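Novice: What follows is a single structure, and I will ask about it in a moment.
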Amino acid sequence: MRHHFVIADVFTSTAFGGNQLAVFPDARGVSDTAMQALAREFNFAETTFVLPPADPRHAGRIRIFTPKTELPFAGHPTVGTAAVLGRLGLVEAPPGAAPLVFEEGVGPVAVELRLDEADTFARLTLETAPERPTIRPAPAIAATALSLPGGAVRDAWFASVGVPFCFIELIDAAAVDRAALDRVVWTANFAQAWAPNLFLFTGRTQPGGSLYARMFAPALGIEEDPATGSGSATLAGCLAERVADRDGTFTWRIDQGVAMGRPSVLEAAAEKREGRIVNVKVGGSTVLIGEGSITLQPGF
C-alpha cells in the first residue's frame, strides 16, 4: 500500500533551515511497527502520522516518533504538522488565524494556524504549567557532561510539559557553541535521570529577551536537535515563574540550530493568572520543501 508523505522545515521561513519533519497526512493502515521503521528510515528528529480523531470536532490524532521511540507530545512536530495539513487543504484555514485541536498522547493540543502568501505560521498552546521535581542536577556534573569547565554553568534544573528536559543555563553564547556531549558522563549521570535530554541556553532571561540554545537527546536517537518546541515552551514556563508580575503573558525569542547550520527561530511564551502559570506556547514558521510516497508490504 502506498502512503503519501511531505517533508517540511519547521521554525524557519527559509528552506533547508529549521528542524526537518516528515508528515504522513493519512496514516490509516500504517502499523506501529511500520511507523517506527519509517521514522528510523527518515532519521529526522521526528516523523508524524496523522489519523482520524476520536472527537470529530478535532483536526486529527497525531502520533509522533523519533528514530528510537514514540513521544506523547513534541513541539516542532505539532507545529509542522498543522502547517502541512493547512497547506494541503486538509484542515480548514480561513483568512486570519484558524484554531485547530490535535489529539496527542498528552491530550488535546490547541494550535493556531495562519496561512498567507508569504508565510505559514503555527503556534501551539498547552493548558498546563511545567512539572518540576524536587531533585536538581548538579551544575558541575552538567558542565562535565557538556565538556565545559564548572564555571560555565550558571544554573541547572529539570522540568517538563510532556517531554522531560534538563535545562542548563550557560554563561555566554561561546560556551553554548563550545559544548560537546560527553557520552560516558551523560550515560553515567543522565541516561536514567528524571530528564535525560539536555537543553542548554544563554541570553536575557527577562520577558522579551532573546535566548540562544542547543539540545542533545541521545536517549531519543537525536544527537542534536535543530529546534526544540517542547523544550522552548517548557523553558518559557519556567522563566515566567520567576517574573514578579502575577498576571500577564511573557514572551521570549529562542534561536537554535545555528551551530548545526540549520538556524531556527522559536517564539515561546507563558501566561500567568493570579501568580500561577496557566499555559505555555511555542510557534514559528514552516516551509514545505518536498513530498513523495512509500510503499509498505502487506502485513508490515
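Following the order of the C-alpha cells, chains are lettered A, B, ..., residues in each are numbered from 1, and ligands are numbered from 1.
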Show me, as a ChimeraX atom specification, the residues that have an atom within 9 Å of Gly150 of chain A when counting only C-alpha atoms, minus same-chain residues fewer than 6 positions from it.

Specialist: /A:139-144

Novice: Those same residues, written as a PDB file, in the first residue's frame with N, CA, C and O atoms?

Specialist:
ATOM      1  N   PRO A 139      25.219  21.221  38.943  1.00  0.00           N
ATOM      2  CA  PRO A 139      25.813  22.029  37.872  1.00  0.00           C
ATOM      3  C   PRO A 139      27.187  21.542  37.427  1.00  0.00           C
ATOM      4  O   PRO A 139      27.498  21.573  36.230  1.00  0.00           O
ATOM      5  N   ALA A 140      27.996  21.077  38.371  1.00  0.00           N
ATOM      6  CA  ALA A 140      29.337  20.613  38.000  1.00  0.00           C
ATOM      7  C   ALA A 140      29.271  19.392  37.094  1.00  0.00           C
ATOM      8  O   ALA A 140      30.044  19.265  36.130  1.00  0.00           O
ATOM      9  N   ILE A 141      28.344  18.483  37.381  1.00  0.00           N
ATOM     10  CA  ILE A 141      28.205  17.283  36.539  1.00  0.00           C
ATOM     11  C   ILE A 141      27.636  17.670  35.179  1.00  0.00           C
ATOM     12  O   ILE A 141      28.046  17.131  34.136  1.00  0.00           O
ATOM     13  N   ALA A 142      26.698  18.625  35.172  1.00  0.00           N
ATOM     14  CA  ALA A 142      26.150  19.092  33.894  1.00  0.00           C
ATOM     15  C   ALA A 142      27.253  19.688  33.030  1.00  0.00           C
ATOM     16  O   ALA A 142      27.316  19.438  31.821  1.00  0.00           O
ATOM     17  N   ALA A 143      28.142  20.467  33.658  1.00  0.00           N
ATOM     18  CA  ALA A 143      29.251  21.051  32.908  1.00  0.00           C
ATOM     19  C   ALA A 143      30.149  19.968  32.327  1.00  0.00           C
ATOM     20  O   ALA A 143      30.543  20.028  31.150  1.00  0.00           O
ATOM     21  N   THR A 144      30.469  18.963  33.126  1.00  0.00           N
ATOM     22  CA  THR A 144      31.331  17.886  32.649  1.00  0.00           C
ATOM     23  C   THR A 144      30.675  17.125  31.504  1.00  0.00           C
ATOM     24  O   THR A 144      31.341  16.740  30.532  1.00  0.00           O
TER      25      THR A 144
END

Novice: With only C-alpha atoms counted and 7 Å as the cut-off, give the residues of segment 134-195 of chain A in contact with segment 217-241 of chain A, each with its shortest interatomic distance in Å and the pair that gives it, as CSV.

Specialist:
residue,atom,partner,partner_atom,distance
A:Ala159,CA,A:Thr234,CA,6.9
A:Ser160,CA,A:Thr234,CA,6.0
A:Val161,CA,A:Thr234,CA,5.8
A:Val163,CA,A:Ser230,CA,6.8
A:Phe165,CA,A:Gly231,CA,6.7
A:Ala191,CA,A:Ala219,CA,6.8

Novice: Would you please extract all helix (DSSP H, G or I) residues from segment 21-226 of chain A, as assigned by DSSP on the backbone, and give them as an NGL selection string?

Specialist: :A and (32-42 or 75-87 or 139-145 or 150-152 or 173-178 or 183-189 or 218-220)

Novice: So, counting only C-alpha atoms, which residue among A:Pro298, A:Ser264, A:Arg204, A:Ser293 is closest to Phe5 of chain A?

Specialist: A:Ser293

Novice: For Ala195 of chain A, list every protein, DNA or RNA residue within 7 Å, evaluated using only C-alpha atoms, and leave out those in the same chain fewer than 6 positions away; present the list as a PyMOL selection string.

Specialist: chain A and resi 158+164-166

Novice: Go ahead and save the picked residues with N, CA and C atoms, as a short mmCIF file (atom, residue, chain, number, x, y, z; two decimals), in the first residue's frame.

Specialist:
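Here's the written file selection.cif:
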data_model
loop_
_atom_site.label_atom_id
_atom_site.label_comp_id
_atom_site.auth_asym_id
_atom_site.auth_seq_id
_atom_site.Cartn_x
_atom_site.Cartn_y
_atom_site.Cartn_z
N PHE A 158 15.48 20.43 36.27
CA PHE A 158 14.63 19.55 35.47
C PHE A 158 13.23 20.16 35.36
N PRO A 164 10.42 15.45 29.19
CA PRO A 164 11.28 15.99 30.25
C PRO A 164 12.62 16.48 29.73
N PHE A 165 13.07 17.61 30.27
CA PHE A 165 14.35 18.20 29.89
C PHE A 165 15.16 18.54 31.14
N CYS A 166 16.48 18.49 30.96
CA CYS A 166 17.40 19.08 31.93
C CYS A 166 17.85 20.40 31.33
#

Novice: Can you pull out the residues contacting segment 76-93 of chain A? Cut-off 6 Å, using only C-alpha atoms, and skip same-chain residues under 5 positions away; I want them as a ChimeraX atom specification.

Specialist: /A:10,98,122,229

Novice: Create the file for the chosen residues now, containing N, CA and C atoms and written as a PDB file, in the first residue's frame.

Specialist:
ATOM      1  N   VAL A  10      10.730  23.198   9.871  1.00  0.00           N
ATOM      2  CA  VAL A  10       9.892  23.844  10.881  1.00  0.00           C
ATOM      3  C   VAL A  10      10.717  24.832  11.705  1.00  0.00           C
ATOM      4  N   ALA A  98      -6.609  30.396  12.217  1.00  0.00           N
ATOM      5  CA  ALA A  98      -7.570  29.301  12.323  1.00  0.00           C
ATOM      6  C   ALA A  98      -7.237  28.449  13.550  1.00  0.00           C
ATOM      7  N   ALA A 122       2.367  28.659  12.664  1.00  0.00           N
ATOM      8  CA  ALA A 122       1.515  27.914  13.595  1.00  0.00           C
ATOM      9  C   ALA A 122       2.068  28.067  15.006  1.00  0.00           C
ATOM     10  N   GLY A 229      10.648  22.563  20.162  1.00  0.00           N
ATOM     11  CA  GLY A 229       9.463  23.303  20.560  1.00  0.00           C
ATOM     12  C   GLY A 229       9.003  23.004  21.969  1.00  0.00           C
TER      13      GLY A 229
END

Novice: I'd like the neighbourhood of Val30 of chain A as JSON, numbers by chain, where a residue qualifies if any of its atoms comes within 9 Å (using only C-alpha atoms), though same-chain residues fewer than 6 positions away should be ignored.

Specialist: {"A": [3, 49, 296, 300]}

Novice: Quick one: which segment 98-183 of chain A residues come within 8 Å of segment 54-70 of chain A, and what is the nearest atom pair for each with the distance in Å to one decimal, counting only C-alpha atoms, rows ordered by chain and ascending number, as CSV?

Specialist:
residue,atom,partner,partner_atom,distance
A:Leu100,CA,A:Ala59,CA,6.0
A:Val101,CA,A:His58,CA,5.1
A:Phe102,CA,A:Gly60,CA,5.3
A:Glu103,CA,A:Arg61,CA,4.5
A:Glu104,CA,A:Ile62,CA,5.6
A:Gly105,CA,A:Arg63,CA,7.7

Novice: Step one, run DSSP on the backbone; step two, keep only residues of segment 12-173 of chain A assigned to strand (DSSP E or B); then write them as a PyMOL selection string.

Specialist: chain A and resi 19-24+46-51+60-65+70-71+97-104+107-115+120-126+131+153-160+164-170

Novice: At a cut-off of 9 Å, using only C-alpha atoms, what residues contact Phe190 of chain A? Leave out same-chain residues fewer than 4 positions from it and give the result as a ChimeraX atom specification.

Specialist: /A:137,142,145,166,185-186,194-198

Novice: Take the selection from the previous step and output its residues with N, CA, C and O atoms, as a tab-separated table (two decimals), in the first residue's frame.

Specialist:
chain	number	residue	atom	x	y	z
A	137	PRO	N	19.73	18.62	39.02
A	137	PRO	CA	21.03	18.13	38.57
A	137	PRO	C	22.15	18.99	39.16
A	137	PRO	O	21.98	20.18	39.38
A	142	ALA	N	26.70	18.63	35.17
A	142	ALA	CA	26.15	19.09	33.89
A	142	ALA	C	27.25	19.69	33.03
A	142	ALA	O	27.32	19.44	31.82
A	145	ALA	N	29.36	16.91	31.59
A	145	ALA	CA	28.66	16.21	30.52
A	145	ALA	C	28.70	16.98	29.21
A	145	ALA	O	28.59	16.40	28.13
A	166	CYS	N	16.48	18.49	30.96
A	166	CYS	CA	17.40	19.08	31.93
A	166	CYS	C	17.85	20.40	31.33
A	166	CYS	O	18.54	20.43	30.30
A	185	VAL	N	30.03	10.46	30.40
A	185	VAL	CA	29.49	11.20	31.55
A	185	VAL	C	27.96	11.24	31.47
A	185	VAL	O	27.27	11.07	32.49
A	186	TRP	N	27.42	11.47	30.27
A	186	TRP	CA	25.96	11.50	30.11
A	186	TRP	C	25.35	10.16	30.50
A	186	TRP	O	24.34	10.12	31.23
A	194	TRP	N	15.85	11.88	35.83
A	194	TRP	CA	14.47	12.34	35.64
A	194	TRP	C	14.27	12.87	34.24
A	194	TRP	O	13.21	12.68	33.63
A	195	ALA	N	15.30	13.54	33.72
A	195	ALA	CA	15.26	14.04	32.33
A	195	ALA	C	16.63	13.79	31.69
A	195	ALA	O	17.61	14.39	32.10
A	196	PRO	N	16.69	12.94	30.68
A	196	PRO	CA	17.97	12.67	30.02
A	196	PRO	C	18.30	13.65	28.90
A	196	PRO	O	19.42	13.62	28.37
A	197	ASN	N	17.35	14.49	28.52
A	197	ASN	CA	17.52	15.39	27.38
A	197	ASN	C	18.08	16.73	27.86
A	197	ASN	O	17.47	17.39	28.70
A	198	LEU	N	19.23	17.13	27.32
A	198	LEU	CA	19.93	18.31	27.81
A	198	LEU	C	19.65	19.52	26.92
A	198	LEU	O	20.03	19.55	25.75

Novice: Name the residues in contact with Leu124 of chain A at a cut-off of 8 Å, using only C-alpha atoms, excluding same-chain residues fewer than 3 positions from it; report them as a PDB file with all heavy atoms, in the first residue's frame.

Specialist:
ATOM      1  N   GLY A  75       6.931  19.658  20.220  1.00  0.00           N
ATOM      2  CA  GLY A  75       6.537  20.946  19.678  1.00  0.00           C
ATOM      3  C   GLY A  75       6.675  21.075  18.178  1.00  0.00           C
ATOM      4  O   GLY A  75       5.712  21.418  17.479  1.00  0.00           O
ATOM      5  N   THR A  78       4.144  19.066  16.139  1.00  0.00           N
ATOM      6  CA  THR A  78       2.777  19.587  16.213  1.00  0.00           C
ATOM      7  C   THR A  78       2.624  20.818  15.326  1.00  0.00           C
ATOM      8  O   THR A  78       1.688  20.920  14.524  1.00  0.00           O
ATOM      9  CB  THR A  78       2.426  19.928  17.667  1.00  0.00           C
ATOM     10  OG1 THR A  78       2.555  18.748  18.479  1.00  0.00           O
ATOM     11  CG2 THR A  78       1.005  20.455  17.781  1.00  0.00           C
ATOM     12  N   VAL A  79       3.545  21.762  15.473  1.00  0.00           N
ATOM     13  CA  VAL A  79       3.509  22.988  14.674  1.00  0.00           C
ATOM     14  C   VAL A  79       3.651  22.661  13.187  1.00  0.00           C
ATOM     15  O   VAL A  79       2.895  23.161  12.340  1.00  0.00           O
ATOM     16  CB  VAL A  79       4.633  23.937  15.146  1.00  0.00           C
ATOM     17  CG1 VAL A  79       4.856  25.062  14.154  1.00  0.00           C
ATOM     18  CG2 VAL A  79       4.302  24.501  16.519  1.00  0.00           C
ATOM     19  N   VAL A 109      -4.253  19.213  22.141  1.00  0.00           N
ATOM     20  CA  VAL A 109      -3.291  20.299  21.991  1.00  0.00           C
ATOM     21  C   VAL A 109      -3.876  21.307  21.007  1.00  0.00           C
ATOM     22  O   VAL A 109      -4.167  20.962  19.862  1.00  0.00           O
ATOM     23  CB  VAL A 109      -1.927  19.795  21.486  1.00  0.00           C
ATOM     24  CG1 VAL A 109      -0.958  20.954  21.304  1.00  0.00           C
ATOM     25  CG2 VAL A 109      -1.348  18.766  22.445  1.00  0.00           C
ATOM     26  N   ALA A 110      -4.056  22.542  21.464  1.00  0.00           N
ATOM     27  CA  ALA A 110      -4.622  23.591  20.617  1.00  0.00           C
ATOM     28  C   ALA A 110      -3.523  24.218  19.764  1.00  0.00           C
ATOM     29  O   ALA A 110      -2.405  24.463  20.240  1.00  0.00           O
ATOM     30  CB  ALA A 110      -5.285  24.657  21.474  1.00  0.00           C
ATOM     31  N   VAL A 111      -3.840  24.468  18.494  1.00  0.00           N
ATOM     32  CA  VAL A 111      -2.893  25.082  17.568  1.00  0.00           C
ATOM     33  C   VAL A 111      -3.602  26.201  16.816  1.00  0.00           C
ATOM     34  O   VAL A 111      -4.707  26.022  16.309  1.00  0.00           O
ATOM     35  CB  VAL A 111      -2.331  24.059  16.556  1.00  0.00           C
ATOM     36  CG1 VAL A 111      -1.327  24.731  15.626  1.00  0.00           C
ATOM     37  CG2 VAL A 111      -1.685  22.885  17.270  1.00  0.00           C
ATOM     38  N   GLU A 112      -2.940  27.331  16.754  1.00  0.00           N
ATOM     39  CA  GLU A 112      -3.418  28.461  15.955  1.00  0.00           C
ATOM     40  C   GLU A 112      -2.638  28.455  14.643  1.00  0.00           C
ATOM     41  O   GLU A 112      -1.401  28.492  14.654  1.00  0.00           O
ATOM     42  CB  GLU A 112      -3.185  29.763  16.714  1.00  0.00           C
ATOM     43  CG  GLU A 112      -3.478  31.019  15.934  1.00  0.00           C
ATOM     44  CD  GLU A 112      -2.974  32.257  16.662  1.00  0.00           C
ATOM     45  OE1 GLU A 112      -3.096  32.315  17.903  1.00  0.00           O
ATOM     46  OE2 GLU A 112      -2.449  33.168  15.999  1.00  0.00           O
ATOM     47  N   LYS A 281       3.227  28.369  25.374  1.00  0.00           N
ATOM     48  CA  LYS A 281       3.028  28.411  23.936  1.00  0.00           C
ATOM     49  C   LYS A 281       4.377  28.391  23.228  1.00  0.00           C
ATOM     50  O   LYS A 281       5.379  28.857  23.756  1.00  0.00           O
ATOM     51  CB  LYS A 281       2.273  29.687  23.528  1.00  0.00           C
ATOM     52  CG  LYS A 281       0.930  29.867  24.196  1.00  0.00           C
ATOM     53  CD  LYS A 281       0.255  31.151  23.745  1.00  0.00           C
ATOM     54  CE  LYS A 281      -1.103  31.336  24.429  1.00  0.00           C
ATOM     55  NZ  LYS A 281      -1.812  32.538  23.954  1.00  0.00           N
ATOM     56  N   VAL A 282       4.359  27.874  22.008  1.00  0.00           N
ATOM     57  CA  VAL A 282       5.526  27.997  21.134  1.00  0.00           C
ATOM     58  C   VAL A 282       5.046  27.986  19.699  1.00  0.00           C
ATOM     59  O   VAL A 282       4.108  27.263  19.339  1.00  0.00           O
ATOM     60  CB  VAL A 282       6.560  26.884  21.394  1.00  0.00           C
ATOM     61  CG1 VAL A 282       6.033  25.513  20.994  1.00  0.00           C
ATOM     62  CG2 VAL A 282       7.867  27.179  20.664  1.00  0.00           C
ATOM     63  N   GLY A 283       5.651  28.829  18.884  1.00  0.00           N
ATOM     64  CA  GLY A 283       5.236  28.901  17.490  1.00  0.00           C
ATOM     65  C   GLY A 283       6.366  29.338  16.589  1.00  0.00           C
ATOM     66  O   GLY A 283       7.444  29.741  17.040  1.00  0.00           O
TER      67      GLY A 283
END

Novice: What does the structure give for the distance between atom CA of Val258 of chain A and atom CA of Gly284 of chain A, in Å to one decimal?

Specialist: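 That distance, rounded to one decimal, is 15.9 Å.
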
Novice: From the options A:Phe44, A:Pro149, A:Ala34, A:Leu51, which residue's atoms come nearest to Ala8 of chain A, counting only C-alpha atoms?

Specialist: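 Using only C-alpha atoms, Ala8 of chain A sits closest to A:Phe44.
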
Novice: Using only C-alpha atoms, which of A:Pro263, A:Pro53, A:Gly209, A:Gly107 sits nearest Asp9 of chain A?

Specialist: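 Distance minimum relative to Asp9 of chain A lands on A:Pro263.
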
Novice: Point out the residue among A:Asp172, A:Asp245, A:Asp26, A:Glu127 with the least atom-to-atom distance to Val278 of chain A, counting only C-alpha atoms.

Specialist: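 Closest to Val278 of chain A, using only C-alpha atoms: A:Glu127.
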
Novice: Quick one: distance from atom CA of Asp182 of chain A to atom CA of Thr134 of chain A in Å, one decimal?

Specialist: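 Value for the atom CA of Asp182 of chain A-atom CA of Thr134 of chain A distance: 25.5 Å.
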